[in-house]
Every structure is written in structure tokens, then in C-alpha cells.
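Asks: Below is the file protein-v3.pdb, which contains PDB, C-alpha atoms.
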ATOM      1  CA  MET A 355     -35.998 -59.947 -86.068
ATOM      2  CA  ARG A 356     -35.979 -57.350 -83.359
ATOM      3  CA  GLY A 357     -35.648 -54.569 -85.927
ATOM      4  CA  CYS A 358     -35.123 -51.055 -84.594
ATOM      5  CA  CYS A 359     -34.607 -52.191 -80.988
ATOM      6  CA  ALA A 360     -31.564 -54.222 -81.958
ATOM      7  CA  VAL A 361     -30.202 -51.410 -84.153
ATOM      8  CA  LEU A 362     -30.599 -48.883 -81.333
ATOM      9  CA  ALA A 363     -28.872 -51.247 -78.914
ATOM     10  CA  LEU A 364     -25.954 -51.648 -81.304
ATOM     11  CA  LEU A 365     -25.596 -47.897 -81.627
ATOM     12  CA  LEU A 366     -25.675 -47.338 -77.881
ATOM     13  CA  PHE A 367     -23.495 -50.263 -76.899
ATOM     14  CA  PRO A 368     -21.310 -51.321 -79.863
ATOM     15  CA  ALA A 369     -19.419 -54.583 -79.587
ATOM     16  CA  THR A 370     -15.698 -54.350 -80.217
ATOM     17  CA  GLY A 371     -13.820 -56.556 -82.626
ATOM     18  CA  CYS A 372     -11.978 -59.771 -81.850
ATOM     19  CA  ALA A 373      -8.305 -59.830 -80.962
ATOM     20  CA  PRO A 374      -5.833 -62.688 -81.402
ATOM     21  CA  ALA A 375      -5.864 -65.538 -78.949
ATOM     22  CA  GLY A 376      -3.557 -65.412 -75.980
ATOM     23  CA  SER A 377      -5.402 -66.518 -72.882
ATOM     24  CA  SER A 378      -3.306 -66.884 -69.770
ATOM     25  CA  GLY A 379      -5.937 -68.667 -67.686
ATOM     26  CA  SER A 380      -9.638 -69.260 -67.193
ATOM     27  CA  LEU A 381     -12.343 -68.635 -64.667
ATOM     28  CA  ALA A 382     -12.662 -72.373 -64.190
ATOM     29  CA  GLU A 383      -9.180 -72.199 -62.619
ATOM     30  CA  GLY A 384     -10.300 -69.484 -60.199
ATOM     31  CA  ALA A 385      -9.300 -66.333 -62.090
ATOM     32  CA  VAL A 386     -10.854 -63.141 -60.724
ATOM     33  CA  THR A 387     -11.425 -60.044 -62.826
ATOM     34  CA  GLN A 388     -12.199 -56.454 -61.917
ATOM     35  CA  PRO A 389     -14.967 -54.524 -63.713
ATOM     36  CA  GLY A 390     -12.538 -52.456 -65.767
ATOM     37  CA  ASP A 391     -10.158 -55.258 -66.743
ATOM     38  CA  PRO A 392     -10.005 -56.030 -70.471
ATOM     39  CA  PRO A 393     -11.517 -59.443 -71.222
ATOM     40  CA  GLU A 394      -9.371 -62.306 -72.388
ATOM     41  CA  HIS A 395      -9.771 -63.370 -76.000
ATOM     42  CA  TRP A 396     -10.544 -67.026 -76.560
ATOM     43  CA  ARG A 397     -10.756 -68.891 -79.834
ATOM     44  CA  ILE A 398     -12.242 -72.223 -80.814
ATOM     45  CA  GLU A 399     -11.089 -75.523 -82.275
ATOM     46  CA  VAL A 400     -13.632 -77.336 -84.456
ATOM     47  CA  LEU A 401     -13.853 -81.030 -83.594
ATOM     48  CA  ASP A 402     -16.951 -82.216 -85.456
ATOM     49  CA  GLN A 403     -20.074 -81.002 -87.247
ATOM     50  CA  ARG A 404     -23.545 -82.151 -88.233
ATOM     51  CA  PRO A 405     -25.926 -80.930 -90.973
ATOM     52  CA  HIS A 406     -28.450 -78.363 -89.742
ATOM     53  CA  ASP A 407     -31.923 -77.591 -91.077
ATOM     54  CA  LEU A 408     -31.549 -74.580 -93.359
ATOM     55  CA  ASP A 409     -35.080 -73.490 -92.440
ATOM     56  CA  ALA A 410     -34.310 -73.398 -88.698
ATOM     57  CA  TYR A 411     -34.178 -69.852 -87.308
ATOM     58  CA  THR A 412     -32.326 -71.046 -84.214
ATOM     59  CA  GLN A 413     -33.164 -69.326 -80.938
ATOM     60  CA  GLY A 414     -32.206 -71.858 -78.288
ATOM     61  CA  LEU A 415     -30.008 -74.954 -78.135
ATOM     62  CA  LEU A 416     -29.280 -77.498 -75.413
ATOM     63  CA  TRP A 417     -27.742 -80.943 -74.987
ATOM     64  CA  ARG A 418     -29.312 -83.807 -73.046
ATOM     65  CA  GLY A 419     -27.707 -87.237 -73.151
ATOM     66  CA  GLY A 420     -26.879 -87.310 -76.853
ATOM     67  CA  VAL A 421     -30.065 -85.519 -77.928
ATOM     68  CA  VAL A 422     -30.047 -81.893 -79.087
ATOM     69  CA  TYR A 423     -33.118 -79.819 -78.228
ATOM     70  CA  GLU A 424     -33.608 -76.771 -80.425
ATOM     71  CA  SER A 425     -36.052 -73.878 -80.320
ATOM     72  CA  THR A 426     -36.684 -72.031 -83.568
ATOM     73  CA  GLY A 427     -38.317 -68.667 -84.123
ATOM     74  CA  SER A 428     -40.181 -66.533 -86.650
ATOM     75  CA  TYR A 429     -43.959 -66.161 -86.757
ATOM     76  CA  GLY A 430     -45.528 -69.095 -88.542
ATOM     77  CA  SER A 431     -42.412 -71.301 -88.398
ATOM     78  CA  SER A 432     -41.481 -71.470 -84.700
ATOM     79  CA  SER A 433     -40.982 -74.918 -83.228
ATOM     80  CA  LEU A 434     -39.426 -77.052 -80.556
ATOM     81  CA  ARG A 435     -37.573 -80.053 -81.874
ATOM     82  CA  ALA A 436     -35.325 -82.882 -80.688
ATOM     83  CA  TRP A 437     -32.707 -84.622 -82.817
ATOM     84  CA  ARG A 438     -29.988 -87.173 -82.191
ATOM     85  CA  TRP A 439     -26.415 -85.938 -82.443
ATOM     86  CA  SER A 440     -24.890 -89.249 -83.534
ATOM     87  CA  ASP A 441     -26.760 -89.420 -86.849
ATOM     88  CA  GLY A 442     -28.783 -86.184 -87.055
ATOM     89  CA  GLU A 443     -32.125 -87.995 -87.044
ATOM     90  CA  GLU A 444     -35.075 -85.856 -85.910
ATOM     91  CA  LEU A 445     -36.785 -87.607 -83.013
ATOM     92  CA  ALA A 446     -39.618 -85.171 -82.313
ATOM     93  CA  ARG A 447     -40.933 -81.806 -83.416
ATOM     94  CA  VAL A 448     -43.827 -79.631 -82.326
ATOM     95  CA  ASP A 449     -44.723 -76.522 -84.312
ATOM     96  CA  LEU A 450     -45.887 -73.551 -82.263
ATOM     97  CA  ASP A 451     -49.036 -71.544 -82.797
ATOM     98  CA  GLN A 452     -48.529 -68.955 -85.539
ATOM     99  CA  THR A 453     -48.956 -66.139 -83.006
ATOM    100  CA  LEU A 454     -45.899 -67.301 -81.028
ATOM    101  CA  PHE A 455     -42.257 -66.507 -81.798
ATOM    102  CA  GLY A 456     -40.067 -69.178 -80.188
ATOM    103  CA  GLU A 457     -37.008 -68.096 -78.206
ATOM    104  CA  GLY A 458     -34.548 -69.463 -75.620
ATOM    105  CA  ILE A 459     -34.906 -72.781 -73.788
ATOM    106  CA  ALA A 460     -33.665 -74.221 -70.499
ATOM    107  CA  LEU A 461     -33.891 -77.628 -68.881
ATOM    108  CA  LEU A 462     -35.125 -78.034 -65.315
ATOM    109  CA  SER A 463     -34.108 -81.461 -64.106
ATOM    110  CA  SER A 464     -34.598 -83.531 -60.982
ATOM    111  CA  GLY A 465     -33.107 -86.659 -62.514
ATOM    112  CA  GLY A 466     -36.056 -87.800 -64.600
ATOM    113  CA  GLU A 467     -39.787 -87.652 -65.001
ATOM    114  CA  PRO A 468     -42.030 -86.282 -63.657
ATOM    115  CA  GLY A 469     -39.720 -83.532 -62.360
ATOM    116  CA  GLU A 470     -37.763 -83.020 -65.563
ATOM    117  CA  ARG A 471     -39.184 -80.359 -67.812
ATOM    118  CA  LEU A 472     -38.129 -77.838 -70.412
ATOM    119  CA  LEU A 473     -39.141 -74.175 -70.583
ATOM    120  CA  GLN A 474     -39.313 -72.281 -73.865
ATOM    121  CA  LEU A 475     -39.599 -68.504 -74.017
ATOM    122  CA  THR A 476     -41.495 -66.510 -76.614
ATOM    123  CA  TRP A 477     -40.389 -63.131 -77.867
ATOM    124  CA  ARG A 478     -43.089 -60.540 -77.207
ATOM    125  CA  ARG A 479     -46.125 -62.493 -76.050
ATOM    126  CA  GLY A 480     -44.966 -62.734 -72.418
ATOM    127  CA  VAL A 481     -45.586 -66.463 -72.183
ATOM    128  CA  ALA A 482     -43.274 -69.399 -71.537
ATOM    129  CA  LEU A 483     -44.211 -72.887 -72.672
ATOM    130  CA  VAL A 484     -43.606 -75.796 -70.305
ATOM    131  CA  TRP A 485     -42.729 -79.094 -72.008
ATOM    132  CA  SER A 486     -42.342 -82.706 -71.001
ATOM    133  CA  LEU A 487     -39.517 -84.409 -72.896
ATOM    134  CA  GLU A 488     -40.592 -88.005 -73.395
ATOM    135  CA  PRO A 489     -42.935 -87.536 -75.100
ATOM    136  CA  LEU A 490     -42.259 -83.976 -76.258
ATOM    137  CA  ARG A 491     -45.543 -82.370 -75.271
ATOM    138  CA  GLU A 492     -46.690 -78.989 -74.006
ATOM    139  CA  ARG A 493     -47.779 -79.264 -70.362
ATOM    140  CA  GLY A 494     -48.592 -75.678 -69.472
ATOM    141  CA  ARG A 495     -47.816 -71.985 -69.824
ATOM    142  CA  ILE A 496     -46.410 -69.333 -67.498
ATOM    143  CA  ARG A 497     -46.913 -65.612 -67.971
ATOM    144  CA  TYR A 498     -44.024 -63.157 -67.525
ATOM    145  CA  GLU A 499     -43.227 -59.504 -68.114
ATOM    146  CA  GLY A 500     -40.786 -58.264 -70.739
ATOM    147  CA  GLU A 501     -39.307 -59.685 -73.914
ATOM    148  CA  GLY A 502     -37.915 -63.215 -73.938
ATOM    149  CA  TRP A 503     -34.559 -63.802 -75.643
ATOM    150  CA  GLY A 504     -32.109 -66.280 -74.053
ATOM    151  CA  LEU A 505     -32.621 -68.594 -71.081
ATOM    152  CA  ALA A 506     -30.437 -70.601 -68.691
ATOM    153  CA  TYR A 507     -30.916 -72.279 -65.320
ATOM    154  CA  ASP A 508     -28.529 -72.172 -62.345
ATOM    155  CA  GLY A 509     -30.283 -74.714 -60.146
ATOM    156  CA  SER A 510     -32.237 -72.045 -58.303
ATOM    157  CA  ASP A 511     -33.153 -69.285 -60.748
ATOM    158  CA  LEU A 512     -33.929 -69.050 -64.414
ATOM    159  CA  ILE A 513     -31.611 -66.480 -65.985
ATOM    160  CA  MET A 514     -33.239 -64.537 -68.817
ATOM    161  CA  SER A 515     -31.838 -62.092 -71.354
ATOM    162  CA  ASP A 516     -33.884 -59.549 -73.285
ATOM    163  CA  GLY A 517     -31.314 -57.899 -75.533
ATOM    164  CA  THR A 518     -30.373 -55.264 -72.961
ATOM    165  CA  PRO A 519     -27.336 -55.294 -70.631
ATOM    166  CA  SER A 520     -29.606 -56.532 -67.808
ATOM    167  CA  LEU A 521     -30.074 -60.207 -66.947
ATOM    168  CA  SER A 522     -33.113 -61.079 -64.855
ATOM    169  CA  PHE A 523     -33.064 -63.937 -62.330
ATOM    170  CA  ARG A 524     -36.536 -65.437 -62.069
ATOM    171  CA  ASP A 525     -38.457 -67.944 -60.014
ATOM    172  CA  PRO A 526     -38.615 -71.152 -62.123
ATOM    173  CA  HIS A 527     -42.234 -71.784 -61.155
ATOM    174  CA  THR A 528     -43.703 -68.297 -61.628
ATOM    175  CA  LEU A 529     -41.054 -66.421 -63.673
ATOM    176  CA  GLN A 530     -41.336 -63.522 -61.237
ATOM    177  CA  VAL A 531     -38.135 -61.451 -61.144
ATOM    178  CA  ARG A 532     -36.062 -62.039 -58.017
ATOM    179  CA  ARG A 533     -33.100 -59.845 -58.927
ATOM    180  CA  ARG A 534     -31.233 -58.342 -61.844
ATOM    181  CA  LEU A 535     -27.588 -58.295 -62.886
ATOM    182  CA  ARG A 536     -26.053 -55.658 -65.148
ATOM    183  CA  VAL A 537     -23.472 -57.055 -67.556
ATOM    184  CA  THR A 538     -20.441 -54.906 -68.303
ATOM    185  CA  ARG A 539     -17.429 -55.101 -70.572
ATOM    186  CA  GLN A 540     -14.518 -53.107 -69.149
ATOM    187  CA  GLY A 541     -16.988 -51.239 -66.982
ATOM    188  CA  MET A 542     -19.351 -50.329 -69.840
ATOM    189  CA  PRO A 543     -22.839 -51.875 -70.218
ATOM    190  CA  LEU A 544     -22.945 -54.669 -72.790
ATOM    191  CA  ALA A 545     -26.184 -55.002 -74.754
ATOM    192  CA  ASN A 546     -27.436 -57.590 -77.258
ATOM    193  CA  LEU A 547     -27.166 -60.511 -74.827
ATOM    194  CA  ASN A 548     -29.032 -63.306 -76.562
ATOM    195  CA  GLU A 549     -28.830 -67.132 -76.319
ATOM    196  CA  LEU A 550     -27.398 -68.258 -72.961
ATOM    197  CA  GLU A 551     -25.562 -71.313 -71.639
ATOM    198  CA  LEU A 552     -24.387 -71.634 -68.045
ATOM    199  CA  VAL A 553     -21.398 -73.878 -67.284
ATOM    200  CA  ASP A 554     -20.324 -73.997 -63.649
ATOM    201  CA  GLU A 555     -20.119 -70.286 -62.759
ATOM    202  CA  VAL A 556     -19.531 -68.936 -66.273
ATOM    203  CA  LEU A 557     -22.476 -67.701 -68.344
ATOM    204  CA  PHE A 558     -21.846 -67.824 -72.092
ATOM    205  CA  ALA A 559     -23.979 -65.399 -74.105
ATOM    206  CA  ASN A 560     -24.303 -65.002 -77.856
ATOM    207  CA  LEU A 561     -24.012 -61.314 -78.728
ATOM    208  CA  TYR A 562     -26.776 -60.700 -81.261
ATOM    209  CA  GLY A 563     -25.502 -59.604 -84.648
ATOM    210  CA  SER A 564     -21.858 -60.527 -84.022
ATOM    211  CA  ASP A 565     -19.468 -63.482 -84.196
ATOM    212  CA  GLU A 566     -18.645 -63.100 -80.513
ATOM    213  CA  ILE A 567     -19.733 -65.000 -77.430
ATOM    214  CA  ALA A 568     -19.304 -63.250 -74.077
ATOM    215  CA  ALA A 569     -18.128 -65.272 -71.068
ATOM    216  CA  ILE A 570     -19.673 -63.572 -68.032
ATOM    217  CA  ASP A 571     -18.706 -63.871 -64.370
ATOM    218  CA  LEU A 572     -22.057 -64.223 -62.626
ATOM    219  CA  ALA A 573     -20.677 -62.915 -59.345
ATOM    220  CA  SER A 574     -19.874 -59.484 -60.779
ATOM    221  CA  GLY A 575     -21.547 -59.297 -64.194
ATOM    222  CA  SER A 576     -18.157 -58.590 -65.774
ATOM    223  CA  VAL A 577     -17.220 -60.088 -69.127
ATOM    224  CA  ILE A 578     -14.079 -62.077 -68.331
ATOM    225  CA  ALA A 579     -13.508 -63.276 -71.896
ATOM    226  CA  VAL A 580     -14.798 -62.917 -75.437
ATOM    227  CA  VAL A 581     -14.900 -66.006 -77.646
ATOM    228  CA  ASP A 582     -14.134 -65.308 -81.309
ATOM    229  CA  VAL A 583     -16.110 -67.776 -83.432
ATOM    230  CA  SER A 584     -15.712 -66.073 -86.785
ATOM    231  CA  GLY A 585     -14.870 -68.159 -89.828
ATOM    232  CA  LEU A 586     -17.052 -71.176 -89.053
ATOM    233  CA  LEU A 587     -18.893 -70.826 -92.359
ATOM    234  CA  THR A 588     -17.449 -70.426 -95.818
ATOM    235  CA  ASP A 589     -18.143 -67.138 -97.600
ATOM    236  CA  GLU A 590     -20.780 -68.858 -99.726
ATOM    237  CA  GLU A 591     -22.467 -70.445 -96.684
ATOM    238  CA  ALA A 592     -22.379 -67.167 -94.746
ATOM    239  CA  ALA A 593     -24.027 -65.284 -97.616
ATOM    240  CA  ALA A 594     -27.077 -67.560 -97.391
ATOM    241  CA  ALA A 595     -27.201 -67.712 -93.583
ATOM    242  CA  ASP A 596     -28.242 -65.323 -90.826
ATOM    243  CA  VAL A 597     -26.469 -64.491 -87.554
ATOM    244  CA  LEU A 598     -24.698 -66.756 -85.092
ATOM    245  CA  ASN A 599     -27.090 -67.955 -82.376
ATOM    246  CA  GLY A 600     -27.176 -71.193 -80.448
ATOM    247  CA  ILE A 601     -24.745 -72.536 -77.872
ATOM    248  CA  ALA A 602     -25.015 -75.797 -75.933
ATOM    249  CA  PHE A 603     -22.542 -77.478 -73.581
ATOM    250  CA  ARG A 604     -21.719 -81.198 -73.656
ATOM    251  CA  PRO A 605     -20.825 -82.135 -70.074
ATOM    252  CA  ASP A 606     -19.565 -85.590 -71.080
ATOM    253  CA  THR A 607     -16.794 -84.141 -73.248
ATOM    254  CA  GLY A 608     -16.386 -80.561 -72.017
ATOM    255  CA  THR A 609     -17.143 -79.289 -75.528
ATOM    256  CA  PHE A 610     -19.734 -76.919 -76.996
ATOM    257  CA  LEU A 611     -22.202 -77.045 -79.874
ATOM    258  CA  LEU A 612     -22.528 -73.847 -81.914
ATOM    259  CA  THR A 613     -24.867 -72.897 -84.741
ATOM    260  CA  GLY A 614     -26.856 -69.973 -86.117
ATOM    261  CA  LYS A 615     -30.071 -68.919 -87.783
ATOM    262  CA  TYR A 616     -30.475 -70.715 -91.126
ATOM    263  CA  TRP A 617     -26.990 -72.185 -90.753
ATOM    264  CA  PRO A 618     -26.115 -75.349 -92.703
ATOM    265  CA  TRP A 619     -24.104 -76.847 -89.816
ATOM    266  CA  VAL A 620     -24.000 -77.382 -86.079
ATOM    267  CA  PHE A 621     -20.371 -77.416 -84.976
ATOM    268  CA  GLU A 622     -18.841 -79.183 -81.995
ATOM    269  CA  VAL A 623     -15.952 -77.083 -80.704
ATOM    270  CA  ARG A 624     -13.494 -76.768 -77.883
ATOM    271  CA  ILE A 625     -13.059 -73.263 -76.479
ATOM    272  CA  LEU A 626      -9.329 -72.646 -76.253
ATOM    273  CA  GLY A 627      -8.544 -70.770 -73.048
ATOM    274  CA  TYR A 628     -11.493 -72.094 -71.079
ATOM    275  CA  ASP A 629     -10.855 -75.096 -68.880
ATOM    276  CA  ALA A 630     -14.135 -77.024 -68.912
ATOM    277  CA  PRO A 631     -13.307 -80.627 -68.018
ATOM    278  CA  PRO A 632     -15.829 -83.408 -68.657
ATOM    279  CA  GLY A 633     -18.283 -83.546 -65.783
ATOM    280  CA  SER A 634     -18.756 -79.787 -65.499
ATOM    281  CA  ARG A 635     -22.358 -79.037 -64.699
ATOM    282  CA  VAL A 636     -24.863 -77.241 -66.877
ATOM    283  CA  ALA A 637     -27.532 -76.986 -64.186
ATOM    284  CA  ALA A 638     -28.348 -78.388 -60.786
ATOM    285  CA  SER A 639     -31.551 -80.094 -59.728
ATOM    286  CA  ALA A 640     -34.850 -78.321 -60.076
ATOM    287  CA  PRO A 641     -36.420 -76.975 -56.872
ATOM    288  CA  ARG A 642     -39.203 -79.041 -55.351
TER     289      ARG A 642
END
Would you write out, as C-alpha cells, the structure that this file holds?
Replies:
Amino acid sequence: MRGCCAVLALLLFPATGCAPAGSSGSLAEGAVTQPGDPPEHWRIEVLDQRPHDLDAYTQGLLWRGGVVYESTGSYGSSSLRAWRWSDGEELARVDLDQTLFGEGIALLSSGGEPGERLLQLTWRRGVALVWSLEPLRERGRIRYEGEGWGLAYDGSDLIMSDGTPSLSFRDPHTLQVRRRLRVTRQGMPLANLNELELVDEVLFANLYGSDEIAAIDLASGSVIAVVDVSGLLTDEEAAAADVLNGIAFRPDTGTFLLTGKYWPWVFEVRILGYDAPPGSRVAASAPR
């Protein structure tokens, strides 16, 4: 996926390797970083795991009351699906048209139907699909400009990545760009921003092609920490899998779900160094 564009981005903006853990604080405790400050290095503790569909080219992941919603990509095999975390049972699945390449997803919620809806990006077709959740059904489409990669919602704007160092903040009804934020790591632009998850004021972004997740301060665009998630798969599992992609926050436990494209597992982890107590918010209410 993303062929020469991703290779060029890696050449222009290479991601550095992971360093040992040693966090002295977290943004959730009010830490403030300057653009040139080196990011903290956070690691993870695996708490639980569930089997994952080996045919799922995971592009987006989110948690909603014990149900995992997952967007998968690739032409001819893209889908939106819902499955229960407690036992892994698939509750619903809709396969996309073969001309669409599924990407990131975000939940817009006003506390229940009819206001609650889910948006799913597509890669290069410039269209977002609007879904109801119960039942899982497409309700409409919204056109937008640019490539769609990752998606998150801050209660006012949809935050979209496109593989570049620039995040676009968009109207949730029209997907028109309201503003942009350039993401930097020690003052240098950071490309390959992919799947997104917003928790309080920290935006977590999978870095495409790596085993790192960037924790981004949305006020400045600075990477305040890098989460090292290497070693989740055995060597044999990794040889048959593709890259890390997929991060969802569980607000009831303060933990995260992580997976990847064609991965055999979805892992529940705690990020060591990040203070995310139960009750932290993923998104606020959708605008009326």
C-alpha cells in the first residue's frame, strides 16, 4: 500500500529508533515540551489479547462499550466490521465496493441514536462513508480533498492524517479543512502519520512502516513521547504479518488496543509513562 509515496516519505523524514524506557512524567500530568526537546520514550505492558482475522488489513480501530469497530483496506477486501471484545464474536460486517480502499474511522457521538454515527475514510477516492451503528449501515457519503489515512475526533473537528507531517482539522459535516497542524519531532517534520487515536489532549499516531507510535501535543504539534511497541509478535508471526497499524483507547480501563495489518492478535496494553486514568475521554459530543 502507498508504494512510492511512503518510500519517499521515509527517505525525507526517517523515523529514529527506540530508546530504553525512562519516562519522568506525562502530558496527562501537565508536562509541557518545547519544539526541540527530545521526546520521552514509553514502553508497553501487555495485559490481554484476542485472536485477530489474519485476512484483515487493518486501517482503523476504535472501542465503543465493549465492541471493537475495525476498518480494513485493500481493493476488493475492504470492510467495516464490529466484534465483541469479551469473546471475539463478529457482530456485524459490511464489505465495501471493490473500488473503495477503506481507511481510518472515527466516532461522532451525541449519546445515542440518531446523533451517533461513524465516519470511515477511503484512501484515494476522496469520499468518506457515514455509518449508523445499530444496525451497521451506510447512511451517506461526504466528499473531501486529499488522501485519507487516519482519523480522530476532538469534539469539534475531525483530525485527518494523509501520510505527511501535516494534520488537517476538518468540519465533521462537510470535511472542509478549517486549519492544519504541522507535526514535528525535535523541531523536524515527522511524516508517515497514519492511524490516529485522541485521548484527552494527546494524539497517538501510528508511524507507518515502524513499530513506533508518536504521542503528539495538539497545542504545538510537537511529539512529546514515542511509544516503543516492538516485540508484540513472535518472529514466526511477524514473518507472516504486515506492519503495525491500529490503536484504540478503552476509557473504562485507561488501556489501549493495538494490532496490525494481517496480525494474528489484538493486544490490550498499558502504556508505561502515560497517565491515562479510567474515565479519560476519547471524544466529546458531536456538534448539532
Asks: Could you tell me how far CA of Gly500 in chain A lies from CA of Arg479 in chain A, in Å and to one decimal?
Replies: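 Result for CA of Gly500 in chain A versus CA of Arg479 in chain A: 8.6 Å, one decimal.
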Asks: Which residue, A:His406, A:Arg438, A:Leu461, A:Ala482, has the smallest gap to Asp511 in chain A when you use all atoms listed in the file?
Replies: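 Looking only at the distances to Asp511 in chain A, the closest residue turns out to be A:Leu461.
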Asks: With a distance cut-off of 8 Å and all atoms listed in the file, select the neighbouring residues of Leu547 in chain A, excluding the residue or stretch itself and same-chain residues fewer than 3 positions from it, and output the selection as a list of chain:residue names.
Replies: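 My list of contacting residues is A:Gly504, A:Ser515, A:Asp516, A:Gly517, A:Thr518, A:Pro519, A:Leu544, A:Leu550, A:Ala559, A:Asn560, A:Leu561, A:Tyr562.
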Asks: Would you compute the distance between CA of Asp571 in chain A and CA of Val537 in chain A? Give it in Å to one decimal.
Replies: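 Taking CA of Asp571 in chain A and CA of Val537 in chain A, their separation equals 8.9 Å.
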Asks: Could you write out as a PyMOL selection string the residues that the PyMOL selection byres ((chain A and resi 430-436) around 12) matches in the shown file?
Replies: chain A and resi 407+409-429+437-439+442-460+472-477+483-492
Asks: For a cutoff of 8 Å around the file-coordinate point (-29.9, -66.3, -68.1), which residues qualify once you count all atoms listed in the file? I'd like the result as a ChimeraX atom specification.
Replies: /A:504-507,512-515,521-523,550-552,557
Asks: Mind giving me the straight-line distance from CA of Ala595 in chain A to CA of Tyr616 in chain A in Å, one decimal?
Replies: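 Interatomic distance, CA of Ala595 in chain A to CA of Tyr616 in chain A: 5.1 Å.
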